Each structure stands twice: as C-alpha cells, then as structure tokens.
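Participant: One structure, pasted below without further comment.
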Amino acid sequence: MDTPAPRKKAAPAEKGDRAATSQRRRLRQTELLLEVTRRMASYDSLDDVLKSLVEMTTTELNAERGSLFLNDPETNELYSRVAQGNFQREIRLLNTSGVAGYVYTAGEPLLINDAYSDARFNRSVDEQTGFVTRNILCVPIRTVRGEIIGVAQTLNKKTGRFTKQDLHLLEAMTSQGTMALQSAQFIERMQAVRRQEMEFIDVVSEVTADIKLGSLLQKVMGEATRLLNAERSTLFLNDEKTNELWSEVGQGLESMQIRLPNHVGIAGAVFSSSKSINIPYAYADLRFNPAFDKKTGFFTRSILCVPIINKHGKTIGVTQVLNKRGGPFSTEDESRLRAFTAQISIALENAKLFADVQAMKNYNEAMLESMSNGVITLDEQERIVTCNAAGLRILRVTPAAILNRLAEEFFGDDNPWLLDKLSHVAETQEVDLVMDAELQVGDDVLSVNVTALPLLSVEKRRIGSMLMIEDISNEKRLKSTMSRYMDPGIADKMLASGADALGGQSVPATVLFSDVRSFTTITEQLGAQGTVALLNEYFTLMVDCIQREEGMLDKFIGDAIMAAFGIPVAHNDDTDRAVRAAIAMMRELSSWNAHRIADGKLPVDIGIGLNTDVVVSGNIGSKKRMDYTIIGDGVNLAARLESACKQYGAHILISEFTYKALKGTYYSRELDFVVVKGKTKPVAIYELLDYHTEETYPHMIDALHQFKAGLVKYRQCKWEEAAQAFEEVLTMNPNDKAAKLYIERCQHLAENPPGPEWDGVWVMESK
C-alpha cells in the first residue's frame, strides 16, 4: 500500500506575497470607503446620493447594473429612483416581495448565482425593462442603530460570479453611505414639508377667496382630494333647520345633492362627537353603510372623516376623503386635513351666509313677483324704484313707462289722492290704508284697496315709501260671490277658466243628495230658533266633508243637501270623491250624535243617495237672479235613491252607474234591482257600509256573504232557501232591515208566485 506524499509547506516568500496582497486589499477597501464618505458628503439631494452610491458600487463590483431601494414607511414599499441602463425612473414594490423584499424583511444578505432558478426572484421587473438578470448580490442597508432602511443590490457580474468577498465589500460601502442617505432623506422630507406648507398657504388663499358656496364646495373637495392623494372627497355642511348633513356635489360624481340625518353613518358620528374617524378598511367597520356604494358603483376601501369646527368651537360640518392611493390614511393625513378644514371653516361660513342672503333676496323677489297685489317702492325723493309684475298688470304699463319716474309725474294727473297718501306717510311715518278706492287706469276705473307704508332702515331712518295695490274689481267680486256656494279653490279654478265655465254644459258628474230623517218631529220639539241652530251646526259639518273632496255645494233644500262632484272642475276620481264624502258625512254625524246624546239631545239620522250620469250644468234663472246648478235625469235618480234609504233601512245608496265608476274598494252589497218612481227602466242599487264599525254592524263580512247568497237564491225563485240565508244575516245583525224586507218578500212571493216572465225587478211605488 502506497503512502500519501507529504504536503509541502508554503515557502516563506509565498506567505509574504499573500500577506502583502491582503494588506493591499484592505488598504484599497479603506481608501474606497473613505472615497465613499468624501463623495457622499459633497451631495445635498437624495437623488445625487443614490446615484453616486449606485455608480460606485456597480463600478467597484464590476457589475452591469446596480440599484438601491429605500423603504417608504407610509406605503410599506421599497422604491428606487436610480437604475443604470437605458432608462431612469422610479420603481416601487412591496417591501415583502422579491429578492429585495426578502433581504429587507429578513435582514440577511443574498448571493444568487442563477436568478431565474430562485423562487424569490420577481421576473416582472425584467419583463417591464427588457433587462435579463443572471446573478444577484443583495444586502440590507443598516443605520448605526441597526435599523434597516433599505437594500442595495448589484446585478450580472461582468466576469465570473459574485463572491462572498464582493458581498462583504457591498455591505461595507452601503454602510459607509448610510449616514449620507439618512441626512439626504431628512433634508428631502424637510423640503417636502416646506413645499406642502407653502402649497397649503396658496391653496387656502385661493379657496377662501371664493364667496359662492357651490363653487367653494367644489374647490375645497378638489383640493382635499389632491392634498391627501385620495380618489374622492365630500364636504358635508349641517342644516340646522332639518338636522341634516348635506352636500351639493360629490367629487367624481355627477352634480347632485346628498342629504342624510346628522347622526347617521360615519359622517353623522364625526359630526355628533366632533372627533375624527380614520377607517383603514371600510367594509370591516359596522358604522359604514354600503348602500351608497351600491347606488353609485363606487367601492370604498379607506375613509378619513374630520369635523369642521368654526372659530367659536362649534361643529358646522364634516369633510370626508375616501380611498388614499397606496394604502390607508395616516395620522399625518389626519393632521393636514384638520388644519385645512380649520382654515377654510371661516370661508365656508361666509359663503353659507352669502348663500342665505342671496336665497332670501331671491325669495323676496319671487314672492313679490308671484303676488296678485301690485307692489311699488319709492325712494326718499318719491321716485319709483321697483314695480312687481302684478303692479305692471294692474296699472297696464311697461317697466320703462313707470320706473325712475317721480310719483307726482306718474300718478298726479289722474290719481292725485295717491300723492296725498304718500305725503301723509312721509310726514307721520305711519301706515295709511284706503279701502275700495277708485283708481284711474287709462280709460277705465278700477276698484282697489291701497296701503301706503313707510320704508325704514335698520336705524329706523326713512329711506322711502311703498304702495300695495289690491285689485278688487270684477274678478274678486265674482270670486267672493261664488265662494259662498262652492269651495274657494273651485271658485279660483272657475275664474281661471273664464266665462265659458259658467255657461251651459253637458258634463259627467256624480250627484249627492242627503236628507234628515223625521225632521218635522225635530222641529216641533226644538222650535224655530233651536231648529235654525241645529241646521247651521249640521250643515257646517256636512259641507266641510263635501268641500274636503272638492265637491260643489249646489244648494240647501230645507234640511236636504244637494252637491255635485266633477263640476265645474273635473278630476279623474270624482266618483270616489263623492263616495268618500258620503262616508265622511256618516262618520262626522256619528261623532256629533255622540255629543248630542251626552248632552241629553236627540240624535240626527240621515239618508244619502249617489248617482253618476251626464248632467246639464250652468247659470240658470232670470236676469235678476241666477243660480249655478245642475239638472237632468241623473239628478232625479240620486234624489230617488236618497228617499229609498228609508225603505231599505240604509244610510248610503248608490246606483249601478256610480258603483261601476269607482276606482277604490269599499264595503258594499248589491241591494236590489228596482224601477224608481217616475221611471220605467230598472237600475241596480248598492248599499255602502264602509262607515260601519263592529259595534254598529257586527260580523259585517260574514253577513255580506250570506246576504249575497240569499239574493242569488231570491232571483232564482228559491224562496225558502233565500229566506234561510236572510235569516242567517239577522242572527248576525238583528237590525238589518234589508234582510227583514227580503224575508217578507220571500214569504209573499212563495204564497203568490210570479209568472215565468218575472226578472227580479221590484217597482218602487213611492218617491
């Protein structure tokens, strides 16, 4: 077995060469680090420091490219401003991704000889730049305290591969430049803060110069969005009248007004507490309402909402910014937004005050223009300053013919009495009123009421006078007359329609007749004065029910009331209005009777008949006396139905024509098929029961079903079965007179069977 040859010891000369090489290397490294320090000290800007350090490390390590990433603590991103090659731009990546992210988070250097075989390598940067990375040397950048502030890396050694010696050199060079990096970062932050402060001052100056609330809100929200690098912002002001937060415009939305209660949602919580809310994840917060996102299609990620507090410490609104780009809002963002809103709060209050004053001015002008009375204002020299639209119409002049003219010049020749009133007001500073005076306007004489008033300043100093002219000529006289027998609102519409509305017309209408039962007995007990008092009280209640539904009171006929719905002004539900009025009359009567009985007085009972038909309406009478009324068969049928209420024990009867025209649903039943007195054609009649309560008609629903079944059997001539059904109705309500009536008919017809031609029609012999 051969023995290994003994290892040769290094010659003393060889040892000396290695020591000399090591010493030269250390000396070279020392000189290099001193050069790093010297060059870094000569730069003030962070860009220059980064560029120089990257150039030195790349050159010294004989690499194709180098880069230096610093950490951005606000966004948790690593960013590089300098990269050698064909381009220069800022690259950003999460401080946990890729090789650089691993080195930053782990704090360990990496030497990678085959980049594409390493799972930590992010190929997207190569894909973006077109550069192909072969090998990587990456080290953390540490401060003197050991804090990692970034990473440095070199790519693609030109000859061979990176070695551990290269790694130690890169660590040494970046550590040597750390102080300069920190100093440059500090200077850059200070410069950025200064720029922000100057920008902030410029923004506040520009924004607060605007006095219009709408454009001011737009500017404030635009600047808030830009200053905080957000996607959207909204400024809400509090409406003290409605206790709502409102905004005229939402940044990024179509112009619209948003309103919400000032205690609801995140904005409401900030307004109520006067404390800021910073929410990094909106959908994870229970206070966030996602409904608005669904409505607009916007997706809210993060929210910063701060109160707007005025100089008196009162919260007047909130500013809300959404979705900061790059991450959640920071405490610095909150401070900046608070400072911004504090500065613009005065401008907002001034703009709101201006808007309120402008709104009041517009309101006053609109009020004057919409008044039916003429309003004329004059200055101290009694020169006409303003005249509203009604004044121009009454005086029949154009603005050019009256404005800036002296009152003496305009009114003096034809209406000198007006000048006397103005002089009296100027002397006494008291209001002067003239009723039903004659005002000469051209060739016509108008009947007017005139009020002359002094105009006083806040200091109670006279600044002019004002004339208010009310035209009480034909139109107002006619309206006063018409309002006595119809609703004033209907009188207004008739007047607006012109004289044609008073002429004869054939129109569809629903006629209502009502009558007091046993009125003769009541009058005998009450006497003349008591009867008049009762009727006045009764008519007041009933007419109110009719006029609430815009019906026309046609006339009183003794204790009866005749009214019509659909004339002189038609509605698309006049039949329902008539039915609702009848039901209301019965309910008012029930309440009134309860008080009468409690006072020991007799109750009042009535019957009501309704019919829908085409009637003739118009002014009917002689030249000396006219009445606006209605006539026709439709009117007569309504009167017959009112009278038939007594026979059936009903309170409201309607014809089949009214029943078919109804749009609403009411408790009712078909009562009979009759020929009324004076007619030959049969008509179906229905009883309305909607006014009943469980007390006045117990088990009404079941009773209606039984009554309908009995009526079917009755018309089939099945007298015994019909009578049994009507008996069932009486077991539920013994006071149902109609059921008793049909039982009597069934008994009569069973004993006296009608002929085969019988069709169920009952002929009424009485009115």
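Residue names in the structure tokens use chain letters A, B, ... in the order shown, residue numbers from 1 in each chain, and ligand numbers from 1 in the order shown.
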At a cut-off of 10 Å, using only C-alpha atoms, what residues contact Thr658 in chain A? Leave out same-chain residues fewer than 5 positions from it and give the result as a PyMOL selection string.
Facilitator: chain A and resi 509-511+575-576+578-579+610-613+653+685-686
Participant: Would you export the selected residues with C-alpha atoms as a PDB file, in the first residue's frame, please?
Facilitator:
```pdb
ATOM      1  CA  ALA A 509    -120.787  64.187 -12.678  1.00  0.00           C
ATOM      2  CA  THR A 510    -121.704  62.326  -9.507  1.00  0.00           C
ATOM      3  CA  VAL A 511    -124.689  63.876  -7.736  1.00  0.00           C
ATOM      4  CA  THR A 575    -116.948  59.247  -8.214  1.00  0.00           C
ATOM      5  CA  ASP A 576    -114.611  58.101  -5.446  1.00  0.00           C
ATOM      6  CA  ALA A 578    -118.316  61.609  -3.813  1.00  0.00           C
ATOM      7  CA  VAL A 579    -118.298  58.208  -2.063  1.00  0.00           C
ATOM      8  CA  LEU A 610    -125.486  58.967  -5.096  1.00  0.00           C
ATOM      9  CA  ASN A 611    -125.778  58.661  -8.870  1.00  0.00           C
ATOM     10  CA  THR A 612    -123.286  59.152 -11.699  1.00  0.00           C
ATOM     11  CA  ASP A 613    -124.563  60.397 -15.032  1.00  0.00           C
ATOM     12  CA  LEU A 653    -127.415  54.059  -1.524  1.00  0.00           C
ATOM     13  CA  ILE A 685    -128.728  49.776  -6.433  1.00  0.00           C
ATOM     14  CA  TYR A 686    -125.964  49.146  -3.894  1.00  0.00           C
TER      15      TYR A 686
END
```
Participant: Do you know which residues are at most 12 Å from Met700 in chain A counting only C-alpha atoms, after dropping those on the same chain fewer than 3 positions away, and could you put them as a list in words?
Facilitator: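 My reading of the contact set: Tyr667, Ser668, Arg669, Leu688, Leu689, Asp690, Tyr691, His692, Thr693, Glu694, Glu695, Thr696, Tyr697, Ala703, Leu704, His705, Gln706, Phe707, Glu728, Val729, Leu730, Thr731, Met732, Asn733, Pro734, Asn735 and Asp736 of chain A.
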Participant: Could those residues be written to a file, using C-alpha atoms, as a PDB file, in the first residue's frame?
Facilitator:
```pdb
ATOM      1  CA  TYR A 667    -117.531  47.577   1.902  1.00  0.00           C
ATOM      2  CA  SER A 668    -120.793  47.343  -0.051  1.00  0.00           C
ATOM      3  CA  ARG A 669    -123.524  44.975  -1.185  1.00  0.00           C
ATOM      4  CA  LEU A 688    -122.295  51.384   1.031  1.00  0.00           C
ATOM      5  CA  LEU A 689    -121.353  50.093   4.506  1.00  0.00           C
ATOM      6  CA  ASP A 690    -117.795  51.469   4.815  1.00  0.00           C
ATOM      7  CA  TYR A 691    -118.716  53.849   7.659  1.00  0.00           C
ATOM      8  CA  HIS A 692    -119.842  50.997   9.959  1.00  0.00           C
ATOM      9  CA  THR A 693    -117.858  49.719  12.945  1.00  0.00           C
ATOM     10  CA  GLU A 694    -118.076  46.314  14.630  1.00  0.00           C
ATOM     11  CA  GLU A 695    -120.407  47.919  17.158  1.00  0.00           C
ATOM     12  CA  THR A 696    -122.831  49.386  14.599  1.00  0.00           C
ATOM     13  CA  TYR A 697    -122.801  46.312  12.312  1.00  0.00           C
ATOM     14  CA  ALA A 703    -123.296  38.959   6.879  1.00  0.00           C
ATOM     15  CA  LEU A 704    -122.395  40.370   3.438  1.00  0.00           C
ATOM     16  CA  HIS A 705    -121.598  36.859   2.173  1.00  0.00           C
ATOM     17  CA  GLN A 706    -124.909  35.474   3.480  1.00  0.00           C
ATOM     18  CA  PHE A 707    -126.864  38.417   2.039  1.00  0.00           C
ATOM     19  CA  GLU A 728    -128.667  33.938   8.895  1.00  0.00           C
ATOM     20  CA  VAL A 729    -127.984  37.626   8.277  1.00  0.00           C
ATOM     21  CA  LEU A 730    -130.433  38.552  11.056  1.00  0.00           C
ATOM     22  CA  THR A 731    -128.723  36.193  13.519  1.00  0.00           C
ATOM     23  CA  MET A 732    -125.512  38.222  12.977  1.00  0.00           C
ATOM     24  CA  ASN A 733    -127.220  41.631  12.942  1.00  0.00           C
ATOM     25  CA  PRO A 734    -130.853  41.712  14.089  1.00  0.00           C
ATOM     26  CA  ASN A 735    -131.070  45.388  12.941  1.00  0.00           C
ATOM     27  CA  ASP A 736    -130.511  44.603   9.231  1.00  0.00           C
TER      28      ASP A 736
END
```
Participant: Ranking A:Ser330, A:Thr428, A:Asn415, A:Gln165 by minimum distance to Gln440 in chain A and counting only C-alpha atoms, which one comes first?
Facilitator: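 The closest residue to Gln440 in chain A is A:Asn415.
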Participant: At what distance in Å, to one decimal, does CA of Lys677 in chain A lie from CA of Met585 in chain A?
Facilitator: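 It comes out at 26.3 Å.
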Participant: What does the distance from CA of Ser591 in chain A to CA of Ala564 in chain A come to in Å, to one decimal?
Facilitator: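 One can read the CA of Ser591 in chain A to CA of Ala564 in chain A distance as 24.4 Å.
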Participant: Pick out the residues sitting within 12 Å of Asn113 in chain A, and hand them over as an MDAnalysis selection string; count only C-alpha atoms, and ignore anything fewer than 4 positions along from it in its own chain.
Facilitator: chainID A and resid 117:118 121 133:138 154:157 160:164
Participant: Write out, as a short mmCIF file (atom, residue, chain, number, x, y, z; two decimals), in the first residue's frame, the residues just selected, with N, CA and C atoms.
Facilitator:
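See selection-v5.cif below for the written result:
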```cif
data_model
loop_
_atom_site.label_atom_id
_atom_site.label_comp_id
_atom_site.auth_asym_id
_atom_site.auth_seq_id
_atom_site.Cartn_x
_atom_site.Cartn_y
_atom_site.Cartn_z
N SER A 117 -33.68 30.68 -11.30
CA SER A 117 -33.95 29.43 -10.59
C SER A 117 -34.30 29.67 -9.13
N ASP A 118 -34.27 30.92 -8.68
CA ASP A 118 -34.59 31.26 -7.29
C ASP A 118 -36.05 31.71 -7.20
N PHE A 121 -37.05 35.46 -6.74
CA PHE A 121 -36.80 36.45 -7.79
C PHE A 121 -38.12 36.82 -8.49
N THR A 133 -31.70 39.33 -15.98
CA THR A 133 -30.89 39.20 -14.78
C THR A 133 -30.32 37.78 -14.69
N ARG A 134 -28.97 37.70 -14.53
CA ARG A 134 -28.34 36.39 -14.40
C ARG A 134 -28.05 36.09 -12.93
N ASN A 135 -27.27 36.96 -12.31
CA ASN A 135 -26.93 36.74 -10.89
C ASN A 135 -27.13 38.03 -10.11
N ILE A 136 -27.31 37.87 -8.81
CA ILE A 136 -27.70 38.98 -7.94
C ILE A 136 -26.87 38.95 -6.68
N LEU A 137 -26.49 40.16 -6.27
CA LEU A 137 -25.87 40.35 -4.96
C LEU A 137 -26.71 41.41 -4.25
N CYS A 138 -27.32 41.07 -3.09
CA CYS A 138 -28.26 41.99 -2.42
C CYS A 138 -27.97 41.99 -0.93
N THR A 154 -26.58 44.58 -6.69
CA THR A 154 -25.89 44.67 -7.97
C THR A 154 -26.25 43.43 -8.78
N LEU A 155 -26.35 43.63 -10.10
CA LEU A 155 -26.83 42.57 -10.97
C LEU A 155 -25.79 42.25 -12.06
N ASN A 156 -25.63 40.94 -12.35
CA ASN A 156 -24.85 40.49 -13.51
C ASN A 156 -23.39 40.93 -13.47
N LYS A 157 -22.57 40.20 -12.68
CA LYS A 157 -21.12 40.48 -12.69
C LYS A 157 -20.60 40.21 -14.10
N GLY A 160 -17.31 36.26 -14.50
CA GLY A 160 -17.46 35.32 -13.41
C GLY A 160 -18.72 35.55 -12.60
N ARG A 161 -18.64 35.15 -11.35
CA ARG A 161 -19.78 35.28 -10.44
C ARG A 161 -19.41 36.14 -9.24
N PHE A 162 -20.47 36.59 -8.56
CA PHE A 162 -20.23 37.34 -7.33
C PHE A 162 -19.70 36.39 -6.27
N THR A 163 -18.79 36.92 -5.43
CA THR A 163 -18.19 36.13 -4.35
C THR A 163 -18.58 36.70 -3.01
N LYS A 164 -18.25 35.94 -1.96
CA LYS A 164 -18.51 36.44 -0.61
C LYS A 164 -17.71 37.70 -0.34
#
```
Participant: Could you pull out the alpha helix (DSSP H) residues of range 410-611 of chain A, going by DSSP on the backbone, and write them as a PyMOL selection string?
Facilitator: chain A and resi 410-411+416-428+474-482+488-497+519-548+574-598
Participant: Could you work out how far CA of Ser335 in chain A lies from CA of Gly265 in chain A, giving the answer in Å with one decimal?
Facilitator: 22.1 Å
Participant: Residues within 12 Å of Ala284 in chain A, please, as a ChimeraX atom specification. Count only C-alpha atoms; anything in the same chain fewer than 3 positions from it doesn't count.
Facilitator: /A:279-281,287-290,300-303
Participant: When you look at Val270 in chain A with a cut-off of 10 Å (counting only C-alpha atoms), what residues show up, excluding the ones that are within fewer than 2 positions of it in the same chain? I need them as a PDB file with N, CA and C atoms, in the first residue's frame.
Facilitator:
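Ended up saving to result_5.pdb:
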```pdb
ATOM      1  N   ASN A 262     -78.057  64.068  10.521  1.00  0.00           N
ATOM      2  CA  ASN A 262     -76.718  64.419  11.015  1.00  0.00           C
ATOM      3  C   ASN A 262     -76.230  63.550  12.165  1.00  0.00           C
ATOM      4  N   HIS A 263     -76.886  62.414  12.394  1.00  0.00           N
ATOM      5  CA  HIS A 263     -76.390  61.472  13.402  1.00  0.00           C
ATOM      6  C   HIS A 263     -76.180  60.069  12.806  1.00  0.00           C
ATOM      7  N   VAL A 264     -76.363  59.943  11.488  1.00  0.00           N
ATOM      8  CA  VAL A 264     -76.335  58.633  10.851  1.00  0.00           C
ATOM      9  C   VAL A 264     -74.997  58.425  10.149  1.00  0.00           C
ATOM     10  N   GLY A 265     -74.505  57.190  10.219  1.00  0.00           N
ATOM     11  CA  GLY A 265     -73.306  56.822   9.485  1.00  0.00           C
ATOM     12  C   GLY A 265     -72.042  57.408  10.081  1.00  0.00           C
ATOM     13  N   ILE A 266     -70.955  57.277   9.335  1.00  0.00           N
ATOM     14  CA  ILE A 266     -69.660  57.756   9.807  1.00  0.00           C
ATOM     15  C   ILE A 266     -69.638  59.277   9.865  1.00  0.00           C
ATOM     16  N   ALA A 267     -70.195  59.932   8.830  1.00  0.00           N
ATOM     17  CA  ALA A 267     -70.245  61.390   8.841  1.00  0.00           C
ATOM     18  C   ALA A 267     -71.057  61.890  10.033  1.00  0.00           C
ATOM     19  N   GLY A 268     -72.191  61.221  10.318  1.00  0.00           N
ATOM     20  CA  GLY A 268     -73.011  61.618  11.467  1.00  0.00           C
ATOM     21  C   GLY A 268     -72.298  61.406  12.785  1.00  0.00           C
ATOM     22  N   SER A 272     -71.538  64.398  15.328  1.00  0.00           N
ATOM     23  CA  SER A 272     -72.103  64.351  16.676  1.00  0.00           C
ATOM     24  C   SER A 272     -71.028  64.415  17.755  1.00  0.00           C
ATOM     25  N   SER A 273     -69.895  63.742  17.518  1.00  0.00           N
ATOM     26  CA  SER A 273     -68.846  63.668  18.542  1.00  0.00           C
ATOM     27  C   SER A 273     -67.774  64.732  18.389  1.00  0.00           C
ATOM     28  N   SER A 274     -67.728  65.376  17.212  1.00  0.00           N
ATOM     29  CA  SER A 274     -66.668  66.352  16.899  1.00  0.00           C
ATOM     30  C   SER A 274     -65.282  65.718  16.976  1.00  0.00           C
ATOM     31  N   LYS A 275     -65.190  64.410  16.716  1.00  0.00           N
ATOM     32  CA  LYS A 275     -63.913  63.696  16.726  1.00  0.00           C
ATOM     33  C   LYS A 275     -63.696  63.006  15.380  1.00  0.00           C
ATOM     34  N   SER A 276     -62.431  62.997  14.956  1.00  0.00           N
ATOM     35  CA  SER A 276     -62.096  62.388  13.667  1.00  0.00           C
ATOM     36  C   SER A 276     -62.247  60.870  13.722  1.00  0.00           C
ATOM     37  N   ILE A 277     -62.504  60.277  12.554  1.00  0.00           N
ATOM     38  CA  ILE A 277     -62.555  58.822  12.413  1.00  0.00           C
ATOM     39  C   ILE A 277     -61.690  58.446  11.206  1.00  0.00           C
ATOM     40  N   CYS A 305     -62.455  60.914   8.030  1.00  0.00           N
ATOM     41  CA  CYS A 305     -63.519  61.902   8.198  1.00  0.00           C
ATOM     42  C   CYS A 305     -63.188  62.780   9.402  1.00  0.00           C
ATOM     43  N   VAL A 306     -63.141  64.102   9.196  1.00  0.00           N
ATOM     44  CA  VAL A 306     -62.798  65.023  10.287  1.00  0.00           C
ATOM     45  C   VAL A 306     -63.888  66.078  10.409  1.00  0.00           C
ATOM     46  N   PRO A 307     -64.126  66.592  11.624  1.00  0.00           N
ATOM     47  CA  PRO A 307     -65.138  67.641  11.799  1.00  0.00           C
ATOM     48  C   PRO A 307     -64.634  68.992  11.310  1.00  0.00           C
ATOM     49  N   ILE A 308     -65.555  69.831  10.866  1.00  0.00           N
ATOM     50  CA  ILE A 308     -65.241  71.227  10.533  1.00  0.00           C
ATOM     51  C   ILE A 308     -65.725  72.079  11.702  1.00  0.00           C
ATOM     52  N   THR A 315     -69.189  72.778  15.768  1.00  0.00           N
ATOM     53  CA  THR A 315     -69.041  71.913  14.603  1.00  0.00           C
ATOM     54  C   THR A 315     -70.115  72.264  13.583  1.00  0.00           C
ATOM     55  N   GLY A 317     -69.922  71.045  10.235  1.00  0.00           N
ATOM     56  CA  GLY A 317     -69.983  70.048   9.178  1.00  0.00           C
ATOM     57  C   GLY A 317     -68.841  69.056   9.307  1.00  0.00           C
ATOM     58  N   VAL A 318     -68.634  68.263   8.278  1.00  0.00           N
ATOM     59  CA  VAL A 318     -67.534  67.293   8.259  1.00  0.00           C
ATOM     60  C   VAL A 318     -66.958  67.232   6.844  1.00  0.00           C
ATOM     61  N   THR A 319     -65.665  66.876   6.769  1.00  0.00           N
ATOM     62  CA  THR A 319     -65.016  66.607   5.488  1.00  0.00           C
ATOM     63  C   THR A 319     -64.609  65.144   5.464  1.00  0.00           C
ATOM     64  N   GLN A 320     -64.936  64.472   4.387  1.00  0.00           N
ATOM     65  CA  GLN A 320     -64.691  63.042   4.282  1.00  0.00           C
ATOM     66  C   GLN A 320     -63.906  62.754   3.002  1.00  0.00           C
TER      67      GLN A 320
END
```
Participant: Between A:Thr225, A:Asn243, A:Thr523, A:Thr451, which is the closest to Ile316 in chain A once you count only C-alpha atoms?
Facilitator: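 Checking each of A:Thr225, A:Asn243, A:Thr523, A:Thr451 against Ile316 in chain A, counting only C-alpha atoms, the winner is A:Asn243.
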Participant: Just want the 10 Å neighbourhood of Thr242 in chain A, counted on only C-alpha atoms, with same-chain residues fewer than 6 positions away dropped. Output as a list in words.
Facilitator: Arg259, Leu260, Pro261 and Asn262 of chain A
Participant: Write the residues of the selection above to a file with N, CA and C atoms, as a PDB file, in the first residue's frame.
Facilitator:
```pdb
ATOM      1  N   ARG A 259     -78.257  64.253   1.042  1.00  0.00           N
ATOM      2  CA  ARG A 259     -78.737  64.642   2.373  1.00  0.00           C
ATOM      3  C   ARG A 259     -78.881  63.396   3.234  1.00  0.00           C
ATOM      4  N   LEU A 260     -78.461  63.507   4.494  1.00  0.00           N
ATOM      5  CA  LEU A 260     -78.623  62.408   5.430  1.00  0.00           C
ATOM      6  C   LEU A 260     -78.759  62.988   6.830  1.00  0.00           C
ATOM      7  N   PRO A 261     -79.472  62.304   7.734  1.00  0.00           N
ATOM      8  CA  PRO A 261     -79.590  62.796   9.118  1.00  0.00           C
ATOM      9  C   PRO A 261     -78.213  62.993   9.726  1.00  0.00           C
ATOM     10  N   ASN A 262     -78.057  64.068  10.521  1.00  0.00           N
ATOM     11  CA  ASN A 262     -76.718  64.419  11.015  1.00  0.00           C
ATOM     12  C   ASN A 262     -76.230  63.550  12.165  1.00  0.00           C
TER      13      ASN A 262
END
```
Participant: Can you pull out every residue within 6 Å of range 93-101 of chain A, counting only C-alpha atoms, but drop anything in the same chain fewer than 2 positions away, and send it as a list in words?
Facilitator: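 Here the answer would be Asn76, Glu77, Leu78, Val103, Tyr104, Arg120, Phe121 and Asn122 of chain A.
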Participant: Given the selection you just returned, output its residues as a file containing C-alpha atoms, formatted as a PDB file, in the first residue's frame.
Facilitator:
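This went into result_33.pdb:
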```
ATOM      1  CA  ASN A  76     -44.648  49.874   3.062  1.00  0.00           C
ATOM      2  CA  GLU A  77     -42.968  49.932  -0.332  1.00  0.00           C
ATOM      3  CA  LEU A  78     -39.353  49.759  -1.461  1.00  0.00           C
ATOM      4  CA  VAL A 103     -33.454  40.844   2.233  1.00  0.00           C
ATOM      5  CA  TYR A 104     -35.309  43.823   3.742  1.00  0.00           C
ATOM      6  CA  ARG A 120     -37.759  34.741  -4.544  1.00  0.00           C
ATOM      7  CA  PHE A 121     -36.804  36.445  -7.792  1.00  0.00           C
ATOM      8  CA  ASN A 122     -39.544  38.627  -9.327  1.00  0.00           C
TER       9      ASN A 122
END
```
Participant: Can you tell me, as number ranges by chain, which residues in range 506-751 of chain A count as strand (DSSP E) by DSSP?
Facilitator: A: 506-516, 552-557, 560-565, 606-621, 626-631, 652-655, 668-675, 683-688
Participant: Would you mind telling me which residue in A:Val543, A:Cys717, A:Glu408, A:Thr143 lies nearest to Glu751 in chain A when using only C-alpha atoms?
Facilitator: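 Checking each candidate against Glu751 in chain A, we get A:Cys717 as the closest.
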